[in-house]
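Next comes run_18.cif, a file with mmCIF, C-alpha atoms.
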```
data_final
#
loop_
_atom_site.group_PDB
_atom_site.id
_atom_site.type_symbol
_atom_site.label_atom_id
_atom_site.label_comp_id
_atom_site.auth_asym_id
_atom_site.auth_seq_id
_atom_site.Cartn_x
_atom_site.Cartn_y
_atom_site.Cartn_z
ATOM 1 C CA MET A 27 0.000 0.000 0.000
ATOM 2 C CA ILE A 28 2.746 2.484 0.925
ATOM 3 C CA LEU A 29 4.584 1.705 -2.300
ATOM 4 C CA ASP A 30 1.369 2.333 -4.255
ATOM 5 C CA VAL A 31 1.050 5.761 -2.669
ATOM 6 C CA ILE A 32 4.692 6.542 -3.457
ATOM 7 C CA HIS A 33 4.181 5.389 -7.033
ATOM 8 C CA LEU A 34 1.082 7.573 -7.414
ATOM 9 C CA MET A 35 2.988 10.572 -6.109
ATOM 10 C CA GLY A 36 5.713 10.027 -8.681
ATOM 11 C CA ALA A 37 9.426 10.594 -8.229
ATOM 12 C CA SER A 38 8.919 14.359 -7.928
ATOM 13 C CA TRP A 39 7.984 14.025 -4.255
ATOM 14 C CA MET A 40 11.684 13.487 -3.543
ATOM 15 C CA ASP A 41 12.416 16.941 -4.990
ATOM 16 C CA PRO A 42 12.468 19.655 -2.294
ATOM 17 C CA GLN A 43 11.258 22.226 -4.799
ATOM 18 C CA TRP A 44 8.112 20.060 -5.214
ATOM 19 C CA TRP A 45 7.566 20.285 -1.447
ATOM 20 C CA LEU A 46 8.038 24.066 -1.483
ATOM 21 C CA ASP A 47 5.667 24.438 -4.463
ATOM 22 C CA HIS A 48 2.978 22.274 -2.811
ATOM 23 C CA PHE A 49 3.250 23.504 0.770
ATOM 24 C CA GLY A 50 4.508 27.048 0.283
ATOM 25 C CA GLN A 51 5.395 28.732 3.522
ATOM 26 C CA GLN A 52 4.288 25.670 5.523
ATOM 27 C CA PHE A 53 7.194 23.749 3.959
ATOM 28 C CA PHE A 54 9.405 24.393 6.986
ATOM 29 C CA TRP A 55 6.869 22.920 9.426
ATOM 30 C CA VAL A 56 6.067 19.991 7.137
ATOM 31 C CA SER A 57 9.812 19.325 6.945
ATOM 32 C CA ALA A 58 10.141 19.367 10.741
ATOM 33 C CA GLY A 59 7.310 16.804 10.896
ATOM 34 C CA ILE A 60 9.015 14.634 8.297
ATOM 35 C CA ILE A 61 12.302 14.777 10.217
ATOM 36 C CA PHE A 62 10.444 13.682 13.355
ATOM 37 C CA ALA A 63 8.664 10.823 11.539
ATOM 38 C CA GLU A 64 11.769 9.570 9.771
ATOM 39 C CA CYS A 65 13.750 9.458 13.007
ATOM 40 C CA GLY A 66 11.180 7.674 15.139
ATOM 41 C CA LEU A 67 8.215 6.270 13.279
ATOM 42 C CA PHE A 68 9.751 3.712 10.888
ATOM 43 C CA PHE A 69 9.610 5.671 7.625
ATOM 44 C CA PRO A 70 13.125 5.142 6.212
ATOM 45 C CA PHE A 71 12.094 6.219 2.706
ATOM 46 C CA LEU A 72 11.413 9.837 3.686
ATOM 47 C CA PRO A 73 13.885 12.401 2.274
ATOM 48 C CA GLY A 74 15.300 13.732 5.567
ATOM 49 C CA ASP A 75 18.829 14.489 4.400
ATOM 50 C CA THR A 76 17.589 16.156 1.237
ATOM 51 C CA LEU A 77 15.024 18.237 3.104
ATOM 52 C CA LEU A 78 17.552 19.498 5.645
ATOM 53 C CA PHE A 79 19.997 20.503 2.923
ATOM 54 C CA ALA A 80 17.212 22.100 0.866
ATOM 55 C CA LEU A 81 15.894 23.997 3.899
ATOM 56 C CA GLY A 82 19.339 25.518 4.268
ATOM 57 C CA LEU A 83 19.328 26.533 0.610
ATOM 58 C CA PHE A 84 15.813 27.960 0.810
ATOM 59 C CA ILE A 85 16.546 29.857 4.038
ATOM 60 C CA SER A 86 19.702 31.415 2.588
ATOM 61 C CA GLY A 87 17.788 32.391 -0.563
ATOM 62 C CA GLY A 88 14.945 33.976 1.430
ATOM 63 C CA LYS A 89 12.346 31.605 -0.071
ATOM 64 C CA LEU A 90 10.801 30.714 3.286
ATOM 65 C CA ASP A 91 8.785 32.950 5.593
ATOM 66 C CA VAL A 92 7.395 31.249 8.695
ATOM 67 C CA VAL A 93 5.358 34.342 9.523
ATOM 68 C CA PRO A 94 3.396 35.774 6.552
ATOM 69 C CA GLY A 95 4.956 39.058 5.544
ATOM 70 C CA GLY A 96 8.038 38.224 7.596
ATOM 71 C CA HIS A 97 11.637 38.462 6.546
ATOM 72 C CA GLY A 98 12.488 34.808 6.130
ATOM 73 C CA VAL A 99 13.165 32.036 8.591
ATOM 74 C CA ASP A 100 15.577 32.815 11.388
ATOM 75 C CA LEU A 101 18.474 30.417 10.832
ATOM 76 C CA VAL A 102 19.184 29.822 14.531
ATOM 77 C CA ALA A 103 15.503 29.138 15.277
ATOM 78 C CA ALA A 104 15.330 26.746 12.322
ATOM 79 C CA LEU A 105 18.409 24.837 13.525
ATOM 80 C CA VAL A 106 16.973 24.527 17.033
ATOM 81 C CA ILE A 107 13.525 23.395 15.821
ATOM 82 C CA LEU A 108 14.950 20.835 13.377
ATOM 83 C CA SER A 109 17.355 19.455 15.996
ATOM 84 C CA ILE A 110 14.495 19.123 18.488
ATOM 85 C CA ALA A 111 12.337 17.347 15.880
ATOM 86 C CA ALA A 112 15.161 14.880 15.172
ATOM 87 C CA PHE A 113 15.802 14.284 18.875
ATOM 88 C CA LEU A 114 12.124 13.814 19.762
ATOM 89 C CA GLY A 115 11.728 11.395 16.855
ATOM 90 C CA ASN A 116 14.575 9.340 18.302
ATOM 91 C CA VAL A 117 13.014 9.388 21.753
ATOM 92 C CA VAL A 118 9.734 8.054 20.353
ATOM 93 C CA GLY A 119 11.560 5.280 18.470
ATOM 94 C CA TYR A 120 13.524 4.393 21.593
ATOM 95 C CA GLU A 121 10.399 4.213 23.750
ATOM 96 C CA ILE A 122 8.637 2.052 21.157
ATOM 97 C CA GLY A 123 11.629 -0.294 21.288
ATOM 98 C CA ARG A 124 11.546 -0.412 25.080
ATOM 99 C CA LYS A 125 7.832 -1.309 25.017
ATOM 100 C CA LEU A 126 8.140 -3.923 22.255
ATOM 101 C CA GLY A 127 11.435 -5.344 23.464
ATOM 102 C CA PRO A 128 10.505 -7.324 26.579
ATOM 103 C CA PRO A 129 7.858 -9.534 24.927
ATOM 104 C CA LEU A 130 10.224 -10.219 22.037
ATOM 105 C CA PHE A 131 13.155 -10.797 24.383
ATOM 106 C CA GLU A 132 11.244 -13.332 26.479
ATOM 107 C CA ARG A 133 10.393 -15.418 23.436
ATOM 108 C CA ASP A 134 13.106 -17.502 21.882
ATOM 109 C CA GLY A 135 11.608 -17.789 18.401
ATOM 110 C CA ARG A 136 12.966 -19.097 15.146
ATOM 111 C CA ILE A 137 13.909 -15.689 13.778
ATOM 112 C CA LEU A 138 14.227 -13.498 16.874
ATOM 113 C CA LYS A 139 16.439 -15.449 19.205
ATOM 114 C CA LYS A 140 17.402 -14.449 22.722
ATOM 115 C CA LYS A 141 21.080 -14.620 21.762
ATOM 116 C CA TYR A 142 20.504 -11.892 19.126
ATOM 117 C CA PHE A 143 19.184 -9.557 21.809
ATOM 118 C CA ASP A 144 22.164 -10.421 24.008
ATOM 119 C CA GLN A 145 24.531 -9.669 21.123
ATOM 120 C CA THR A 146 22.762 -6.391 20.398
ATOM 121 C CA THR A 147 22.988 -5.369 24.044
ATOM 122 C CA ALA A 148 26.718 -6.170 24.037
ATOM 123 C CA PHE A 149 27.137 -4.117 20.848
ATOM 124 C CA PHE A 150 25.393 -1.096 22.399
ATOM 125 C CA ASP A 151 27.431 -1.451 25.581
ATOM 126 C CA LYS A 152 30.601 -1.241 23.514
ATOM 127 C CA HIS A 153 29.693 0.991 20.520
ATOM 128 C CA GLY A 154 26.351 2.607 21.354
ATOM 129 C CA ASN A 155 27.545 6.207 21.571
ATOM 130 C CA LYS A 156 29.278 6.125 18.186
ATOM 131 C CA ALA A 157 26.431 4.151 16.622
ATOM 132 C CA LEU A 158 23.853 6.753 17.656
ATOM 133 C CA VAL A 159 25.892 9.658 16.295
ATOM 134 C CA ILE A 160 27.222 8.082 13.095
ATOM 135 C CA GLY A 161 23.961 6.230 12.432
ATOM 136 C CA ARG A 162 22.234 9.598 11.998
ATOM 137 C CA PHE A 163 23.944 10.021 8.656
ATOM 138 C CA VAL A 164 22.746 6.677 7.222
ATOM 139 C CA PRO A 165 19.027 6.813 6.312
ATOM 140 C CA ILE A 166 17.894 3.262 7.104
ATOM 141 C CA VAL A 167 20.135 3.040 10.162
ATOM 142 C CA ARG A 168 18.808 6.413 11.391
ATOM 143 C CA THR A 169 15.273 5.026 11.397
ATOM 144 C CA PHE A 170 15.886 1.720 13.144
ATOM 145 C CA ILE A 171 18.846 2.250 15.482
ATOM 146 C CA THR A 172 16.684 4.040 18.033
ATOM 147 C CA VAL A 173 14.270 1.121 18.225
ATOM 148 C CA VAL A 174 17.150 -1.324 18.575
ATOM 149 C CA ALA A 175 18.621 0.826 21.360
ATOM 150 C CA GLY A 176 15.253 0.674 23.132
ATOM 151 C CA VAL A 177 14.852 -3.066 22.620
ATOM 152 C CA SER A 178 18.345 -3.666 23.980
ATOM 153 C CA ARG A 179 17.472 -1.501 27.010
ATOM 154 C CA MET A 180 20.291 0.991 26.495
ATOM 155 C CA GLU A 181 20.420 3.282 29.530
ATOM 156 C CA ARG A 182 18.054 6.229 28.958
ATOM 157 C CA ARG A 183 20.433 8.961 30.057
ATOM 158 C CA ARG A 184 23.176 7.657 27.796
ATOM 159 C CA PHE A 185 20.735 7.291 24.914
ATOM 160 C CA PHE A 186 19.321 10.799 25.370
ATOM 161 C CA THR A 187 22.783 12.364 25.590
ATOM 162 C CA TRP A 188 24.218 10.756 22.470
ATOM 163 C CA SER A 189 20.968 10.990 20.558
ATOM 164 C CA ALA A 190 20.959 14.740 21.218
ATOM 165 C CA VAL A 191 24.553 15.044 20.011
ATOM 166 C CA GLY A 192 23.696 13.125 16.847
ATOM 167 C CA ALA A 193 20.495 15.121 16.275
ATOM 168 C CA VAL A 194 22.302 18.458 16.447
ATOM 169 C CA LEU A 195 25.221 17.328 14.278
ATOM 170 C CA TRP A 196 22.880 15.863 11.658
ATOM 171 C CA ALA A 197 20.007 18.369 11.551
ATOM 172 C CA ALA A 198 22.029 21.518 12.120
ATOM 173 C CA GLY A 199 25.020 20.276 10.120
ATOM 174 C CA LEU A 200 23.127 19.437 6.928
ATOM 175 C CA THR A 201 20.984 22.563 7.161
ATOM 176 C CA LEU A 202 24.075 24.746 7.629
ATOM 177 C CA LEU A 203 25.788 23.010 4.739
ATOM 178 C CA GLY A 204 22.848 23.897 2.480
ATOM 179 C CA TYR A 205 22.702 27.424 3.914
ATOM 180 C CA PHE A 206 26.365 28.208 3.274
ATOM 181 C CA LEU A 207 26.354 26.605 -0.167
ATOM 182 C CA GLY A 208 23.219 28.644 -0.972
#
```
Would you write the structure of this file as structure tokens?
Amino acid sequence: MILDVIHLMGASWMDPQWWLDHFGQQFFWVSAGIIFAECGLFFPFLPGDTLLFALGLFISGGKLDVVPGGHGVDLVAALVILSIAAFLGNVVGYEIGRKLGPPLFERDGRILKKKYFDQTTAFFDKHGNKALVIGRFVPIVRTFITVVAGVSRMERRRFFTWSAVGAVLWAAGLTLLGYFLG
């Protein structure tokens, strides 16, 4: 069903200019919602990286006004809002993983074996900080790593800290890259 919707929309939906043309000045807020959904709600096909870069380009070119009749989007406010959207998306994905994890962990099924959860927990104990930060820059990993961190019961404080670092580096970094290249 999702693929049918994507097919009906055509390839143009991956073009940020299409988003700006269809949503106008609401493009910024739609983009923040997409960033949130991609980071926490299992939508790895959403164009998060492209949107962040394009937002930077559009902000530098003065194509976006959050307030009608305003003077463009404030870059600092945009960076903060996009970083918060990315972080909150991760938190939702993490909490979903924590809720779904225990029933899956208790079962020792054919596909999801207890030893896989033990291995994942060991991986996060050793590499979790780097995985959360670097994983931000890989679309499919960005979507699922938060759930895996929740399933493996990564400590919340550690998760929140490194997820925040990754969110700021990713959201602000790509937006600034687009801004300065614009």
Item checked: Resolved residues for the PyMOL selection byres ((chain A and resi 161) around 12) as JSON, numbers by chain -> {"A": [65, 116, 153, 154, 155, 156, 157, 158, 159, 160, 162, 163, 164, 165, 166, 167, 168, 169, 170, 171, 172, 174, 175, 188, 189, 191, 192, 193, 195, 196]}
Emit as lines of an AutoDock Vina configuration file the padded axis-aligned box for all listed atoms of range 45-55 of chain A, 6 Å per side, with centre and edge lengths in Å to one decimal.
```
center_x = 6.2
center_y = 24.5
center_z = 2.5
size_x = 18.4
size_y = 20.4
size_z = 25.9
```
Note to self: If the PyMOL selection byres ((chain A and resi 54-59) around 8) were run on this exact file, what residues would it hold? Put them as a ChimeraX atom specification.
What the structure shows: /A:49,51-53,60-63,74,77-78,81,90,92,107-108,111
Item checked: Straight-line distance linking CA of Arg179 in chain A with CA of Ala112 in chain A, stated in Å to one decimal -> 20.3 Å
Item checked: Counting all atoms listed in the file, the option among A:Ile110, A:Ala148, A:Leu83, A:Val177 closest to Ala190 in chain A ->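 Of the candidates, the smallest distance to Ala190 in chain A is held by A:Ile110.
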Next item on the list: Given the file shown, determine the residues that the PyMOL selection byres ((chain A and resi 102) around 12) selects; report them as a PyMOL selection string.
Entry: chain A and resi 82+85+98-101+103-109+194+197-198+201-202+205
Note to self: As an exercise, work out the distance from CA of Thr187 in chain A to CA of Ile122 in chain A in Å and give it to one decimal place.
What the structure shows: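 That distance, rounded to one decimal, is 18.1 Å.
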Next item on the list: Just give me the gap between CA of Leu72 in chain A and CA of Leu126 in chain A in Å, one decimal is fine.
Entry: 23.3 Å
Margin query: From the options A:Phe150, A:Phe71, A:Phe79, A:Phe186, which residue's atoms come nearest to Tyr120 in chain A, counting only C-alpha atoms?
Written below: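 Selected residue with least distance to Tyr120 in chain A: A:Phe186.
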Check: Which residue gives the smallest distance to Pro128 in chain A among A:Gly115, A:Gly176, A:Gly204, A:Gly88, with all atoms listed in the file counted?
Finding: A:Gly176
